[in-house]
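What follows is the content of final-v6.tsv, which has TSV, C-alpha atoms:
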```
chain	number	residue	atom	x	y	z
A	57	MET	CA	140.46	214.56	110.21
A	58	PRO	CA	137.45	216.48	111.67
A	59	LYS	CA	139.85	218.86	113.45
A	60	GLN	CA	141.80	219.39	110.22
A	61	GLY	CA	138.51	220.04	108.35
A	62	SER	CA	137.37	222.55	110.98
A	63	ALA	CA	140.72	224.35	110.86
A	64	SER	CA	140.57	224.49	107.07
A	65	ARG	CA	137.04	225.91	107.12
A	66	ALA	CA	138.04	228.50	109.72
A	67	LYS	CA	140.95	229.61	107.55
A	68	GLU	CA	138.69	229.85	104.51
A	69	ILE	CA	136.11	231.91	106.39
A	70	ALA	CA	138.81	234.28	107.64
A	71	PHE	CA	140.23	234.54	104.11
A	72	GLN	CA	136.79	235.31	102.64
A	73	VAL	CA	136.07	237.95	105.28
A	74	VAL	CA	139.35	239.75	104.62
A	75	LEU	CA	138.86	239.45	100.84
A	76	HIS	CA	135.33	240.90	100.98
A	77	LEU	CA	136.47	243.79	103.17
A	78	LEU	CA	139.29	244.63	100.77
A	79	VAL	CA	137.09	244.41	97.68
A	80	PHE	CA	134.38	246.46	99.39
A	81	SER	CA	136.90	249.16	100.29
A	82	PHE	CA	137.85	249.55	96.64
A	83	TYR	CA	134.24	249.26	95.45
A	84	ALA	CA	132.45	251.59	97.84
A	85	ILE	CA	134.91	254.06	99.34
A	86	ASP	CA	135.57	257.18	97.29
A	87	ARG	CA	138.81	259.02	98.16
A	88	LYS	CA	137.06	262.34	97.61
A	89	ASN	CA	134.11	261.27	99.76
A	90	PRO	CA	135.31	258.51	102.15
A	91	GLN	CA	131.91	258.27	103.83
A	92	ILE	CA	130.25	254.89	103.25
A	93	GLU	CA	126.72	255.18	101.87
A	94	GLU	CA	123.99	252.67	102.69
A	95	SER	CA	123.32	252.16	98.98
A	96	GLU	CA	126.90	251.09	98.36
A	97	VAL	CA	126.65	248.48	101.11
A	98	VAL	CA	123.41	247.07	99.68
A	99	PHE	CA	124.73	247.02	96.10
A	100	PHE	CA	127.88	245.21	97.26
A	101	ILE	CA	125.90	242.66	99.29
A	102	ASN	CA	123.88	241.94	96.14
A	103	LEU	CA	127.11	241.15	94.24
A	104	ALA	CA	128.55	239.20	97.18
A	105	VAL	CA	125.45	236.98	97.23
A	106	VAL	CA	125.93	236.27	93.53
A	107	ALA	CA	129.56	235.33	94.14
A	108	PHE	CA	128.53	233.14	97.09
A	109	VAL	CA	126.02	231.22	94.94
A	110	ILE	CA	128.62	230.68	92.21
A	111	ASN	CA	131.35	229.70	94.69
A	112	TYR	CA	129.43	227.31	96.90
A	113	ILE	CA	126.67	225.98	94.62
A	114	PHE	CA	127.58	226.28	90.95
A	115	LEU	CA	131.30	225.43	91.25
A	116	PRO	CA	130.95	222.24	93.36
A	117	ARG	CA	127.75	221.01	91.68
A	118	PHE	CA	128.57	221.78	88.07
A	119	PHE	CA	132.11	222.97	87.33
A	120	TYR	CA	134.02	220.52	89.55
A	121	LYS	CA	131.85	217.68	88.20
A	122	LYS	CA	132.78	218.73	84.65
A	123	LYS	CA	129.27	219.90	83.77
A	124	TYR	CA	130.71	222.94	82.04
A	125	LEU	CA	127.71	223.83	79.86
A	126	THR	CA	125.34	223.70	82.83
A	127	PHE	CA	127.77	225.81	84.83
A	128	ALA	CA	128.01	228.43	82.07
A	129	LEU	CA	124.23	228.63	81.70
A	130	ALA	CA	123.79	228.92	85.47
A	131	VAL	CA	126.34	231.75	85.69
A	132	VAL	CA	124.75	233.61	82.78
A	133	GLY	CA	121.35	233.18	84.42
A	134	ILE	CA	122.38	234.52	87.82
A	135	ILE	CA	124.28	237.45	86.26
A	136	ALA	CA	121.17	238.33	84.24
A	137	PHE	CA	119.06	238.11	87.42
A	138	THR	CA	121.54	240.36	89.24
A	139	LEU	CA	121.45	242.88	86.41
A	140	VAL	CA	117.66	243.04	86.55
A	141	MET	CA	117.74	243.21	90.36
A	142	GLU	CA	120.18	246.10	90.32
A	143	GLU	CA	118.47	248.15	87.59
A	144	LEU	CA	114.80	247.53	88.32
A	145	VAL	CA	114.82	247.17	92.11
A	146	LEU	CA	117.83	248.63	93.92
A	147	GLU	CA	118.27	251.72	91.74
A	148	GLN	CA	114.52	252.41	91.91
A	149	ILE	CA	114.78	252.33	95.70
A	150	TYR	CA	117.95	254.38	96.19
A	151	PHE	CA	118.11	256.55	93.03
A	152	PRO	CA	114.51	256.90	91.77
A	153	ALA	CA	115.04	260.40	90.40
A	154	THR	CA	118.50	259.95	88.85
A	155	ARG	CA	119.98	256.60	87.84
A	156	GLY	CA	116.63	254.88	88.24
A	157	THR	CA	115.03	256.91	85.44
A	158	THR	CA	117.24	255.55	82.64
A	159	PHE	CA	118.81	252.24	81.63
A	160	PRO	CA	122.45	252.77	80.59
A	161	GLY	CA	122.62	249.49	78.72
A	162	VAL	CA	123.62	245.90	79.42
A	163	PHE	CA	127.30	246.44	78.66
A	164	TYR	CA	127.67	249.40	81.00
A	165	THR	CA	125.84	247.60	83.83
A	166	LEU	CA	127.96	244.49	83.37
A	167	LEU	CA	131.08	246.63	83.78
A	168	SER	CA	129.92	247.49	87.29
A	169	ILE	CA	128.93	243.91	88.17
A	170	LEU	CA	131.54	241.61	86.65
A	171	PRO	CA	134.77	243.00	88.19
A	172	VAL	CA	133.59	242.46	91.77
A	173	VAL	CA	132.02	239.06	91.05
A	174	THR	CA	135.06	237.94	89.07
A	175	ILE	CA	137.46	238.87	91.88
A	176	LEU	CA	135.39	237.14	94.58
A	177	VAL	CA	134.88	234.01	92.48
A	178	GLY	CA	138.45	233.97	91.17
A	179	PHE	CA	140.03	234.08	94.62
A	180	HIS	CA	137.70	231.36	95.87
A	181	PHE	CA	138.56	229.21	92.86
A	182	GLY	CA	142.24	229.74	93.61
A	183	TRP	CA	141.67	228.78	97.25
A	184	ASP	CA	139.92	225.58	96.16
A	185	ALA	CA	142.73	224.75	93.73
A	186	PHE	CA	145.35	225.28	96.45
A	187	ARG	CA	143.37	223.13	98.92
A	188	LYS	CA	142.94	220.33	96.39
A	189	GLU	CA	146.65	220.44	95.61
A	190	ARG	CA	147.44	220.08	99.32
A	191	GLU	CA	144.99	217.18	99.63
A	192	LEU	CA	146.55	215.50	96.60
A	193	GLU	CA	150.03	215.88	98.08
A	194	GLU	CA	148.84	214.43	101.40
A	195	LEU	CA	147.17	211.52	99.60
A	196	GLN	CA	150.28	210.82	97.55
A	197	GLY	CA	152.37	210.96	100.72
A	198	ALA	CA	150.01	208.52	102.46
A	199	ILE	CA	150.14	206.15	99.48
A	200	LYS	CA	153.92	206.34	99.37
A	201	GLU	CA	154.21	205.69	103.12
A	202	SER	CA	151.77	202.78	102.88
A	203	GLU	CA	153.70	201.23	100.01
A	204	LEU	CA	157.02	201.66	101.82
A	205	GLN	CA	155.62	200.01	104.94
A	206	PHE	CA	154.33	197.15	102.83
A	207	LEU	CA	157.70	196.69	101.14
A	208	LYS	CA	159.49	196.81	104.49
A	209	SER	CA	157.11	194.23	105.92
A	210	GLN	CA	158.04	191.92	103.04
A	211	ILE	CA	161.73	192.21	103.92
A	212	ASN	CA	161.53	191.24	107.60
A	213	PRO	CA	160.05	187.71	107.15
A	214	HIS	CA	162.51	187.16	104.29
A	215	PHE	CA	165.48	187.80	106.61
A	216	LEU	CA	164.03	185.80	109.47
A	217	PHE	CA	163.26	182.74	107.35
A	218	ASN	CA	166.76	182.48	105.88
A	219	ASN	CA	168.58	182.98	109.16
A	220	LEU	CA	166.37	180.60	111.13
A	221	ASN	CA	167.24	177.93	108.57
A	222	ASN	CA	170.92	178.63	109.20
A	223	LEU	CA	170.42	178.47	112.97
A	224	TYR	CA	168.49	175.21	112.67
A	225	ALA	CA	171.27	173.56	110.66
A	226	HIS	CA	173.89	174.43	113.31
A	227	ALA	CA	171.61	173.38	116.16
A	228	ILE	CA	171.03	169.95	114.57
A	229	GLU	CA	174.79	169.43	114.44
A	230	ASN	CA	175.23	170.68	118.03
A	231	SER	CA	177.63	173.26	116.65
A	232	PRO	CA	179.50	175.31	119.30
A	233	LYS	CA	178.81	178.33	117.12
A	234	THR	CA	175.07	178.16	117.81
A	235	PRO	CA	175.15	180.61	120.80
A	236	ASP	CA	177.12	183.12	118.70
A	237	ILE	CA	174.59	182.81	115.89
A	238	ILE	CA	171.72	183.43	118.34
A	239	LEU	CA	173.42	186.56	119.70
A	240	GLU	CA	174.12	187.96	116.24
A	241	LEU	CA	170.61	187.10	115.07
A	242	SER	CA	169.09	188.83	118.10
A	243	ALA	CA	171.08	191.98	117.28
A	244	VAL	CA	169.84	191.86	113.69
A	245	LEU	CA	166.22	191.33	114.76
A	246	ARG	CA	166.45	194.11	117.38
A	247	TYR	CA	167.54	196.52	114.68
A	248	MET	CA	164.82	195.41	112.28
A	249	LEU	CA	162.04	195.55	114.86
A	250	TYR	CA	162.94	198.70	116.79
A	251	ASP	CA	165.70	200.78	115.22
A	252	CYS	CA	164.57	200.97	111.60
A	253	LYS	CA	160.95	202.02	111.97
A	254	ALA	CA	161.79	205.50	110.72
A	255	GLU	CA	161.96	206.31	107.03
A	256	TYR	CA	165.66	207.09	107.38
A	257	VAL	CA	168.23	205.93	109.95
A	258	PRO	CA	171.80	207.03	110.76
A	259	LEU	CA	174.22	205.57	108.24
A	260	SER	CA	176.47	204.32	111.05
A	261	LYS	CA	173.57	202.27	112.48
A	262	GLU	CA	172.91	200.69	109.11
A	263	MET	CA	176.60	199.83	108.76
A	264	GLU	CA	176.55	198.18	112.20
A	265	HIS	CA	173.55	196.14	111.13
A	266	ILE	CA	175.28	195.05	107.91
A	267	GLY	CA	178.32	193.96	109.95
A	268	ASN	CA	176.15	191.85	112.27
A	269	PHE	CA	174.32	190.30	109.36
A	270	MET	CA	177.53	189.40	107.55
A	271	LYS	CA	178.90	187.73	110.69
A	272	ILE	CA	175.86	185.46	110.77
A	273	SER	CA	175.93	184.75	107.05
A	274	GLU	CA	179.67	184.10	107.05
A	275	LEU	CA	179.05	181.06	109.24
A	276	GLN	CA	177.36	179.41	106.26
A	277	ILE	CA	180.64	179.44	104.34
A	278	GLU	CA	182.81	177.86	107.04
A	279	GLU	CA	186.15	177.13	105.35
A	280	ARG	CA	184.84	177.21	101.79
A	281	GLY	CA	185.97	180.71	100.85
A	282	SER	CA	186.45	184.28	101.98
A	283	VAL	CA	184.22	187.19	102.92
A	284	SER	CA	185.35	190.80	103.20
A	285	LEU	CA	183.59	193.98	104.30
A	286	THR	CA	185.18	197.38	103.74
A	287	VAL	CA	183.50	200.47	105.20
A	288	GLU	CA	185.13	203.88	104.79
A	289	ASP	CA	184.36	207.56	105.46
A	290	ILE	CA	181.11	206.95	107.33
A	291	GLU	CA	179.91	210.11	109.07
A	292	GLU	CA	177.21	210.47	111.70
A	293	ARG	CA	175.53	213.33	109.85
A	294	TYR	CA	174.36	211.13	107.00
A	295	GLN	CA	171.18	209.08	106.92
A	296	ILE	CA	169.97	206.27	104.69
A	297	ALA	CA	166.76	204.32	104.21
A	298	PRO	CA	167.05	201.15	106.31
A	299	LEU	CA	167.33	197.62	104.91
A	300	LEU	CA	168.25	198.66	101.36
A	301	LEU	CA	171.83	197.47	101.02
A	302	ILE	CA	171.31	194.30	103.02
A	303	VAL	CA	169.16	192.79	100.25
A	304	PHE	CA	172.09	192.75	97.82
A	305	ILE	CA	174.39	191.22	100.44
A	306	GLU	CA	171.85	188.55	101.32
A	307	ASN	CA	171.49	187.61	97.65
A	308	ALA	CA	175.27	187.37	97.32
A	309	PHE	CA	175.48	184.86	100.18
A	310	LYS	CA	172.44	182.94	99.02
A	311	HIS	CA	173.58	182.39	95.45
A	312	SER	CA	177.27	181.87	96.22
A	313	THR	CA	176.67	179.22	98.86
A	314	ALA	CA	173.97	177.51	96.78
A	315	SER	CA	176.11	177.16	93.66
A	316	GLN	CA	179.61	176.56	95.07
A	317	THR	CA	181.19	174.06	97.45
A	318	ASP	CA	184.53	175.89	97.62
A	319	ASN	CA	186.38	179.01	96.45
A	320	ILE	CA	183.47	181.22	97.49
A	321	SER	CA	184.28	184.91	97.32
A	322	ILE	CA	182.08	187.76	98.58
A	323	GLU	CA	183.42	191.31	98.67
A	324	VAL	CA	181.38	194.22	100.00
A	325	ASP	CA	182.72	197.76	99.77
A	326	ILE	CA	180.84	200.75	101.20
A	327	ARG	CA	182.20	204.28	101.21
A	328	VAL	CA	180.95	207.85	101.20
A	329	LEU	CA	182.30	210.06	98.43
A	330	LYS	CA	182.47	213.83	98.24
A	331	GLY	CA	179.13	215.56	98.56
A	332	GLY	CA	177.52	212.79	100.60
A	333	VAL	CA	177.27	210.29	97.73
A	334	LEU	CA	177.24	206.68	98.91
A	335	LYS	CA	178.96	204.12	96.71
A	336	PHE	CA	178.05	200.52	97.46
A	337	SER	CA	179.66	197.56	95.73
A	338	CYS	CA	178.86	193.90	96.28
A	339	VAL	CA	180.69	191.27	94.23
A	340	ASN	CA	180.16	187.55	94.66
A	341	SER	CA	181.33	184.47	92.85
A	342	TYR	CA	179.06	181.69	91.62
A	343	HIS	CA	179.42	178.46	89.72
A	344	PRO	CA	178.80	178.97	85.99
A	345	GLN	CA	176.84	175.73	85.71
A	346	SER	CA	174.32	176.71	88.37
A	347	ASN	CA	170.91	178.17	87.70
A	348	ILE	CA	171.29	181.90	88.30
A	349	ASP	CA	168.46	183.14	86.09
A	350	SER	CA	166.71	184.55	89.15
A	351	LEU	CA	169.70	186.54	90.41
A	352	SER	CA	168.57	189.83	88.95
A	353	SER	CA	164.92	189.28	89.82
A	354	GLY	CA	163.07	187.72	92.73
A	355	ILE	CA	161.15	189.33	95.59
A	356	GLY	CA	164.21	190.77	97.32
A	357	LEU	CA	165.72	192.68	94.42
A	358	GLU	CA	162.38	193.78	93.00
A	359	ASN	CA	161.49	195.02	96.45
A	360	VAL	CA	164.63	197.10	96.84
A	361	LYS	CA	164.29	198.54	93.33
A	362	LYS	CA	160.80	199.80	94.16
A	363	ARG	CA	162.00	201.29	97.44
A	364	LEU	CA	164.87	203.05	95.65
A	365	ASP	CA	162.43	204.53	93.13
A	366	LEU	CA	160.16	205.76	95.94
A	367	LEU	CA	162.80	207.07	98.33
A	368	TYR	CA	165.53	208.25	95.96
A	369	PRO	CA	163.87	209.34	92.71
A	370	GLN	CA	166.46	210.83	90.36
A	371	ALA	CA	169.01	210.44	93.19
A	372	HIS	CA	170.36	206.93	92.68
A	373	GLU	CA	171.89	204.66	90.07
A	374	LEU	CA	171.79	200.88	90.25
A	375	VAL	CA	174.01	198.79	87.99
A	376	ILE	CA	173.97	194.99	87.98
A	377	ASN	CA	176.67	193.17	86.01
A	378	LYS	CA	176.90	189.44	85.43
A	379	THR	CA	179.91	187.65	83.95
A	380	ALA	CA	180.75	183.97	83.55
A	381	ASP	CA	181.46	183.47	87.26
A	382	ARG	CA	180.91	186.85	88.98
A	383	PHE	CA	177.84	188.79	89.95
A	384	GLU	CA	178.32	192.47	90.73
A	385	VAL	CA	175.99	195.11	92.15
A	386	ILE	CA	177.02	198.77	92.17
A	387	LEU	CA	174.73	201.31	93.77
A	388	THR	CA	175.33	205.04	94.10
A	389	LEU	CA	172.85	207.28	95.87
A	390	GLN	CA	172.69	210.74	97.37
A	391	LEU	CA	172.52	210.47	101.15
A	392	ASN	CA	170.35	212.70	103.34
A	393	ASN	CA	171.79	214.94	106.02
A	394	ALA	CA	170.56	214.29	109.54
A	395	SER	CA	169.99	218.00	110.17
```
Kindly transcribe the structure held in the file into structure tokens.
Amino acid sequence: MPKQGSASRAKEIAFQVVLHLLVFSFYAIDRKNPQIEESEVVFFINLAVVAFVINYIFLPRFFYKKKYLTFALAVVGIIAFTLVMEELVLEQIYFPATRGTTFPGVFYTLLSILPVVTILVGFHFGWDAFRKERELEELQGAIKESELQFLKSQINPHFLFNNLNNLYAHAIENSPKTPDIILELSAVLRYMLYDCKAEYVPLSKEMEHIGNFMKISELQIEERGSVSLTVEDIEERYQIAPLLLIVFIENAFKHSTASQTDNISIEVDIRVLKGGVLKFSCVNSYHPQSNIDSLSSGIGLENVKKRLDLLYPQAHELVINKTADRFEVILTLQLNNAS
């Protein structure tokens, strides 16, 4: 942060130097007489000091703190002081026999003061507005990243808890499938811990993770039903936010196995349409007498809805349909290109 602040101040100083040189060139240099007079330099420095006081004292202390009346009075006061300084001091020193002998009037004098001061103050105000906009964007980005990391941290324990329960049940029964479950679970955990730290991951990697997860979860069903996964038109150039789709699949397994003893059906279809639009469909059966009030809520689904809003604003559509014995999730979203 200190280095960024120093760089920003250096840029501002360079900007102000260039701005003052440009304004001075228009203020003091006459095309008919390009020679720079000492009086012009002094008169310009007087106006530059006024602009400096407004820029670095009045704006931060009054205007940016919404003390608008105090700011206006302060500006009027320093302009009046500058007018007196120019007419009664500087012109008496440099033009005692000409301009210093008469007072042309407040309006005429203001016409020579205000344009330069307005330009110097206006450009500084614009610089401050641009800097504050950048700071706001950086802050919003930091908040978004922090929230995404928090949401992702909620997902990992959720996965681990459910799958460790599954592993424990098979281990208690001395199931020969236990080593396979451990291997598949290790692949899933490796992906979650190492491969999906980035905001977006290759779509093919996410599909591989979904396949590994479904192999583990399918062991819960045994011979009680069928599970299908269809993946089509996956290209390496597309990326997706990690651990989005898996939440819907996990809910399908959880509610199907909890409510049914047989005839379980889980169908997952993932394909990429024209223009890099991902269409995800997850349909699962459930027993109509079971308690499925929490299917469309809960930590998992609320989590993924928030992540979709953060990562794909105006670029996704989530539809959840519930019938007497089927629960369907359809998600379409615009994928990112890897390049």
I'd like the neighbourhood of A:Phe383 as number ranges by chain, where a residue qualifies if any of its atoms comes within 8 Å (using only C-alpha atoms), though same-chain residues fewer than 3 positions away should be ignored.
A: 308, 339-342, 376-379
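The nearest approach to A:Asn393 among the residues A:Tyr368, A:Phe336, A:Tyr256, A:Phe108, with only C-alpha atoms taken into account, belongs to A:Tyr256.
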Taking every listed atom of stretch 109-119 of chain A and adding 5 Å to each side, what centre and edge lengths in Å (one decimal) does the axis-aligned box have, as AutoDock Vina command-line options?
```
--center_x 129.1 --center_y 226.1 --center_z 92.1 --size_x 16.1 --size_y 20.2 --size_z 19.6
```
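Of the residues under consideration (A:Ala227, A:Ile134, A:Val324, A:Ile113), A:Val324 shows the shortest atom-to-atom contact distance to A:Gly267 when counting only C-alpha atoms.
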Residue with smallest distance to A:Phe269 - pool A:Arg246, A:His343, A:Lys121, A:Arg327, counting only C-alpha atoms:
A:Arg246
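Remark: for A:Ile169, the closest of the candidate residues A:Asn102, A:Ser284, A:Ser242, A:Asn230 is A:Asn102 (distances computed over only C-alpha atoms).
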To one decimal place, how far is atom CA of A:Gly161 from atom CA of A:Val97 in Å?
22.8 Å
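Ranking A:Thr174, A:Thr165, A:Ser282, A:Thr154 by their shortest atom-to-atom distance to A:Ala104, with only C-alpha atoms included, puts A:Thr174 first.
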Find the residues near stretch 233-239 of chain A: any atom within 8 Å, counting only C-alpha atoms, skip ones fewer than 4 places away on the same chain, and give them as a PDB file with C-alpha atoms, in the coordinates of the input.
```pdb
ATOM      1  CA  LEU A 223     170.420 178.470 112.970  1.00  0.00           C
ATOM      2  CA  HIS A 226     173.890 174.430 113.310  1.00  0.00           C
ATOM      3  CA  ALA A 227     171.610 173.380 116.160  1.00  0.00           C
ATOM      4  CA  ALA A 243     171.080 191.980 117.280  1.00  0.00           C
ATOM      5  CA  ILE A 272     175.860 185.460 110.770  1.00  0.00           C
TER       6      ILE A 272
END
```
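Coordinates place atom CA of A:Gly133 at a distance of 10.7 Å from atom CA of A:Val106.
Closest to A:Leu103 among A:Ile322, A:Val172, A:Ala136, A:Met141 is A:Val172, based on all atoms listed in the file.
Atom CA of A:Glu279 sits 9.3 Å away from atom CA of A:Ile320.
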For A:Val132, work out the shell of residues within 12 Å, counting all atoms listed in the file and skipping chain neighbours fewer than 6 positions away, then give it as a ChimeraX atom specification.
/A:106,110,114,125-126,138-139,166,170
Can you write just those residues out, C-alpha atoms, as a CSV table (one decimal), keeping the file's coordinate frame?
```csv
chain,number,residue,atom,x,y,z
A,106,VAL,CA,125.9,236.3,93.5
A,110,ILE,CA,128.6,230.7,92.2
A,114,PHE,CA,127.6,226.3,91.0
A,125,LEU,CA,127.7,223.8,79.9
A,126,THR,CA,125.3,223.7,82.8
A,138,THR,CA,121.5,240.4,89.2
A,139,LEU,CA,121.4,242.9,86.4
A,166,LEU,CA,128.0,244.5,83.4
A,170,LEU,CA,131.5,241.6,86.6
```
So that I can check the surroundings of A:Lys330, please list as a VMD selection string every protein, DNA and RNA residue that reaches within 12 Å of it, counting all atoms listed in the file and ignoring chain neighbours fewer than 3 positions away.
chain A and resid 289 to 291 327 333 to 335 389 to 391
